[in-house]
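Next up, protein.pdb (PDB, C-alpha atoms):
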```pdb
MODEL        1
ATOM      1  CA  MET W 222     -26.487  -1.941 -60.197
ATOM      2  CA  ASN W 223     -22.823  -1.745 -59.276
ATOM      3  CA  ASN W 224     -23.195   2.002 -58.827
ATOM      4  CA  MET W 225     -26.116   1.536 -56.413
ATOM      5  CA  ILE W 226     -24.117  -0.854 -54.214
ATOM      6  CA  LEU W 227     -21.155   1.542 -54.130
ATOM      7  CA  ASN W 228     -23.471   4.475 -53.294
ATOM      8  CA  SER W 229     -25.129   2.491 -50.493
ATOM      9  CA  LEU W 230     -21.742   1.432 -49.116
ATOM     10  CA  MET W 231     -20.447   5.011 -49.100
ATOM     11  CA  THR W 232     -23.608   6.247 -47.393
ATOM     12  CA  ASN W 233     -23.288   3.605 -44.675
ATOM     13  CA  LEU W 234     -19.589   4.361 -44.225
ATOM     14  CA  SER W 235     -20.149   8.106 -43.939
ATOM     15  CA  ASN W 236     -22.973   7.544 -41.459
ATOM     16  CA  GLY W 237     -20.681   5.308 -39.401
ATOM     17  CA  VAL W 238     -17.885   7.892 -39.374
ATOM     18  CA  VAL W 239     -20.300  10.649 -38.341
ATOM     19  CA  THR W 240     -21.687   8.452 -35.545
ATOM     20  CA  PHE W 241     -18.164   7.587 -34.382
ATOM     21  CA  VAL W 242     -16.968  11.203 -34.321
ATOM     22  CA  LEU W 243     -20.141  12.400 -32.616
ATOM     23  CA  GLY W 244     -19.960   9.642 -29.972
ATOM     24  CA  MET W 245     -16.278  10.205 -29.215
ATOM     25  CA  GLY W 246     -16.814  13.950 -29.033
ATOM     26  CA  ILE W 247     -19.640  13.574 -26.532
ATOM     27  CA  VAL W 248     -17.581  11.179 -24.412
ATOM     28  CA  PHE W 249     -14.612  13.565 -24.253
ATOM     29  CA  ILE W 250     -16.817  16.573 -23.478
ATOM     30  CA  VAL W 251     -18.447  14.682 -20.601
ATOM     31  CA  LEU W 252     -15.045  13.573 -19.281
ATOM     32  CA  ILE W 253     -13.736  17.144 -19.354
ATOM     33  CA  LEU W 254     -16.857  18.311 -17.522
ATOM     34  CA  LEU W 255     -16.319  15.618 -14.888
ATOM     35  CA  ILE W 256     -12.739  16.813 -14.366
ATOM     36  CA  TYR W 257     -13.918  20.360 -13.714
ATOM     37  CA  ILE W 258     -16.724  19.184 -11.426
ATOM     38  CA  ILE W 259     -14.275  17.123  -9.358
ATOM     39  CA  LYS W 260     -11.852  20.075  -9.147
ATOM     40  CA  ALA W 261     -14.687  22.354  -8.016
ATOM     41  CA  ILE W 262     -15.824  19.910  -5.336
ATOM     42  CA  THR W 263     -12.231  19.548  -4.127
ATOM     43  CA  ALA W 264     -11.840  23.320  -3.908
ATOM     44  CA  ILE W 265     -15.108  23.614  -1.977
ATOM     45  CA  VAL W 266     -14.164  20.872   0.483
ATOM     46  CA  ARG W 267     -10.668  22.255   1.070
ATOM     47  CA  GLY W 268     -11.964  25.780   1.390
ATOM     48  CA  LYS W 269     -14.254  25.022   4.312
ATOM     49  CA  PRO W 270     -12.591  25.219   7.716
ATOM     50  CA  GLN W 271     -12.892  21.948   9.503
ATOM     51  CA  GLN W 272     -14.637  22.082  12.829
ATOM     52  CA  GLU W 273     -12.430  20.605  15.462
ATOM     53  CA  VAL W 274     -14.205  18.515  18.008
ATOM     54  CA  SER W 275     -12.532  19.001  21.328
ATOM     55  CA  ALA W 276     -13.126  16.556  24.108
ATOM     56  CA  PRO W 277     -13.992  18.052  27.480
ATOM     57  CA  ALA W 278     -10.951  18.379  29.667
ATOM     58  CA  VAL W 279     -10.863  15.612  32.244
ATOM     59  CA  GLN W 280      -8.808  16.332  35.295
ATOM     60  CA  PRO W 281      -7.532  13.358  37.275
ATOM     61  CA  ALA W 282      -8.648  13.215  40.881
ATOM     62  CA  ASP W 283      -5.257  12.088  42.189
ATOM     63  CA  PRO W 284      -1.897  12.598  40.543
ATOM     64  CA  VAL W 285      -0.482   9.365  39.201
ATOM     65  CA  PRO W 286       2.903   8.477  40.696
ATOM     66  CA  GLU W 287       5.699   7.697  38.276
ATOM     67  CA  ILE W 288       6.424   3.991  37.978
ATOM     68  CA  VAL W 289      10.063   3.003  38.081
ATOM     69  CA  SER W 290      10.865  -0.474  36.862
ATOM     70  CA  ALA W 291      13.943  -2.582  37.379
ATOM     71  CA  PRO W 292      16.016  -3.433  34.299
ATOM     72  CA  PRO W 293      14.889  -6.738  32.794
ATOM     73  CA  VAL W 294      17.464  -9.462  33.283
ATOM     74  CA  GLU W 295      15.814 -12.165  31.141
ATOM     75  CA  GLN W 296      15.553  -9.892  28.129
ATOM     76  CA  GLN W 297      19.324  -9.494  28.040
ATOM     77  CA  GLU W 298      19.755 -13.281  28.063
ATOM     78  CA  ASP W 299      17.155 -13.587  25.282
ATOM     79  CA  GLU W 300      18.956 -10.985  23.188
ATOM     80  CA  GLU W 301      22.257 -12.800  23.628
ATOM     81  CA  GLU W 302      20.595 -16.011  22.466
ATOM     82  CA  ILE W 303      19.107 -14.235  19.435
ATOM     83  CA  VAL W 304      22.505 -12.775  18.544
ATOM     84  CA  ALA W 305      24.011 -16.260  18.776
ATOM     85  CA  VAL W 306      21.317 -17.692  16.485
ATOM     86  CA  ILE W 307      21.824 -14.902  13.942
ATOM     87  CA  ALA W 308      25.592 -15.412  14.062
ATOM     88  CA  ALA W 309      25.147 -19.145  13.470
ATOM     89  CA  ALA W 310      22.884 -18.490  10.498
ATOM     90  CA  VAL W 311      25.387 -16.028   9.035
ATOM     91  CA  ALA W 312      28.196 -18.546   9.502
ATOM     92  CA  ALA W 313      26.149 -21.305   7.825
ATOM     93  CA  ILE W 314      25.353 -19.141   4.812
ATOM     94  CA  ALA W 315      28.902 -17.772   4.566
ATOM     95  CA  ALA W 316      30.329 -21.320   4.649
ATOM     96  CA  ALA W 317      28.552 -22.241   1.420
ATOM     97  CA  GLU W 318      30.680 -21.689  -1.648
ATOM     98  CA  GLY W 319      29.634 -19.148  -4.231
ATOM     99  CA  THR W 320      27.305 -17.238  -1.937
ATOM    100  CA  ARG W 321      27.604 -13.615  -1.061
ATOM    101  CA  LEU W 322      25.928 -12.378   2.078
ATOM    102  CA  ASN W 323      25.160  -8.762   2.869
ATOM    103  CA  ILE W 324      23.108  -8.087   6.007
ATOM    104  CA  ARG W 325      22.053  -4.469   6.161
ATOM    105  CA  SER W 326      19.649  -4.572   9.056
ATOM    106  CA  PHE W 327      17.305  -6.783  10.982
ATOM    107  CA  ARG W 328      14.257  -6.165  13.094
ATOM    108  CA  ARG W 329      12.473  -8.162  15.722
ATOM    109  CA  VAL W 330       9.064  -9.510  14.810
ATOM    110  CA  GLY W 331       6.770  -9.188  17.779
ATOM    111  CA  ALA W 332       4.982 -12.061  19.426
ATOM    112  CA  GLN W 333       1.670 -10.381  18.646
ATOM    113  CA  ALA W 334       1.979 -11.325  14.956
ATOM    114  CA  PRO W 335      -0.898 -13.451  13.636
ATOM    115  CA  ALA W 336      -0.476 -17.221  13.756
ATOM    116  CA  TRP W 337      -0.696 -17.583   9.970
ATOM    117  CA  SER W 338       2.101 -15.027   9.557
ATOM    118  CA  ARG W 339       4.388 -16.841  12.001
ATOM    119  CA  ALA W 340       3.632 -20.183  10.341
ATOM    120  CA  GLY W 341       4.493 -18.721   6.939
ATOM    121  CA  ARG W 342       7.821 -17.347   8.164
ATOM    122  CA  GLU W 343       8.706 -20.660   9.813
ATOM    123  CA  ASP W 344       7.832 -22.520   6.610
ATOM    124  CA  ILE W 345       9.990 -20.212   4.504
ATOM    125  CA  MET W 346      12.928 -20.541   6.886
ATOM    126  CA  ALA W 347      12.567 -24.337   7.042
ATOM    127  CA  ASN W 348      12.604 -24.614   3.238
ATOM    128  CA  ARG W 349      15.681 -22.425   2.805
ATOM    129  CA  PHE W 350      18.140 -24.780   4.449
TER
ENDMDL
END
```
Could I get this file's structure written as structure tokens?
Amino acid sequence: MNNMILNSLMTNLSNGVVTFVLGMGIVFIVLILLIYIIKAITAIVRGKPQQEVSAPAVQPADPVPEIVSAPPVEQQEDEEEIVAVIAAAVAAIAAAEGTRLNIRSFRRVGAQAPAWSRAGREDIMANRF
């Protein structure tokens, strides 16, 4: 009886190993085929010359005169105010002991930023100090 159980166990184990190897082999063969199919499709798509759609040339009826604008005066005052605010922030951070400040660059965030983005920045800045 003990021999029959051992024989049955070995048969089940060998069947499981065969099923495992066969399944994994099929999976890898299909994956390799997919790789070659994708490479072939890529080569076909890149090989075709793309047709350029050209818009019909529109000629203006009258030539547009060049617009000359005066230099903005208020913008210079705004920039001076921004520089003063940045300098005050740098001085406040540098005054704290044990802090090291290294400003590499800054950029202006436009007024067209979404409201949630501006609110987030204001919240972060308010919580820092």
Which distance in Å separates CA of Ile259 (chain W) and CA of Gly244 (chain W), to one decimal?
->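 For CA of Ile259 (chain W) relative to CA of Gly244 (chain W), the distance reads 22.7 Å.
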Point-to-point distance in Å for CA of Val311 (chain W) and CA of Arg329 (chain W) =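 Atom-to-atom, CA of Arg329 (chain W) and CA of Val311 (chain W) are spaced 16.5 Å apart.
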Could you please determine the separation between CA of Ala317 (chain W) and CA of Arg349 (chain W) in Å, to one decimal place?
->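 One can read the CA of Ala317 (chain W) to CA of Arg349 (chain W) distance as 12.9 Å.
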Choose the residue, out of W:Val239, W:Leu255, W:Thr263, W:Ile307, that has the smallest atom-to-atom separation from Ser326 (chain W); count only C-alpha atoms.
->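 Distance minimum relative to Ser326 (chain W) lands on W:Ile307.
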Hey, could you pull the box centre and edge lengths for region 240-255 of chain W, axis-aligned, 5 Å padding per side, all listed atoms, to one decimal in Å, as JSON?
```
{"center_x": -17.7, "center_y": 12.9, "center_z": -25.2, "size_x": 18.0, "size_y": 20.7, "size_z": 30.7}
```
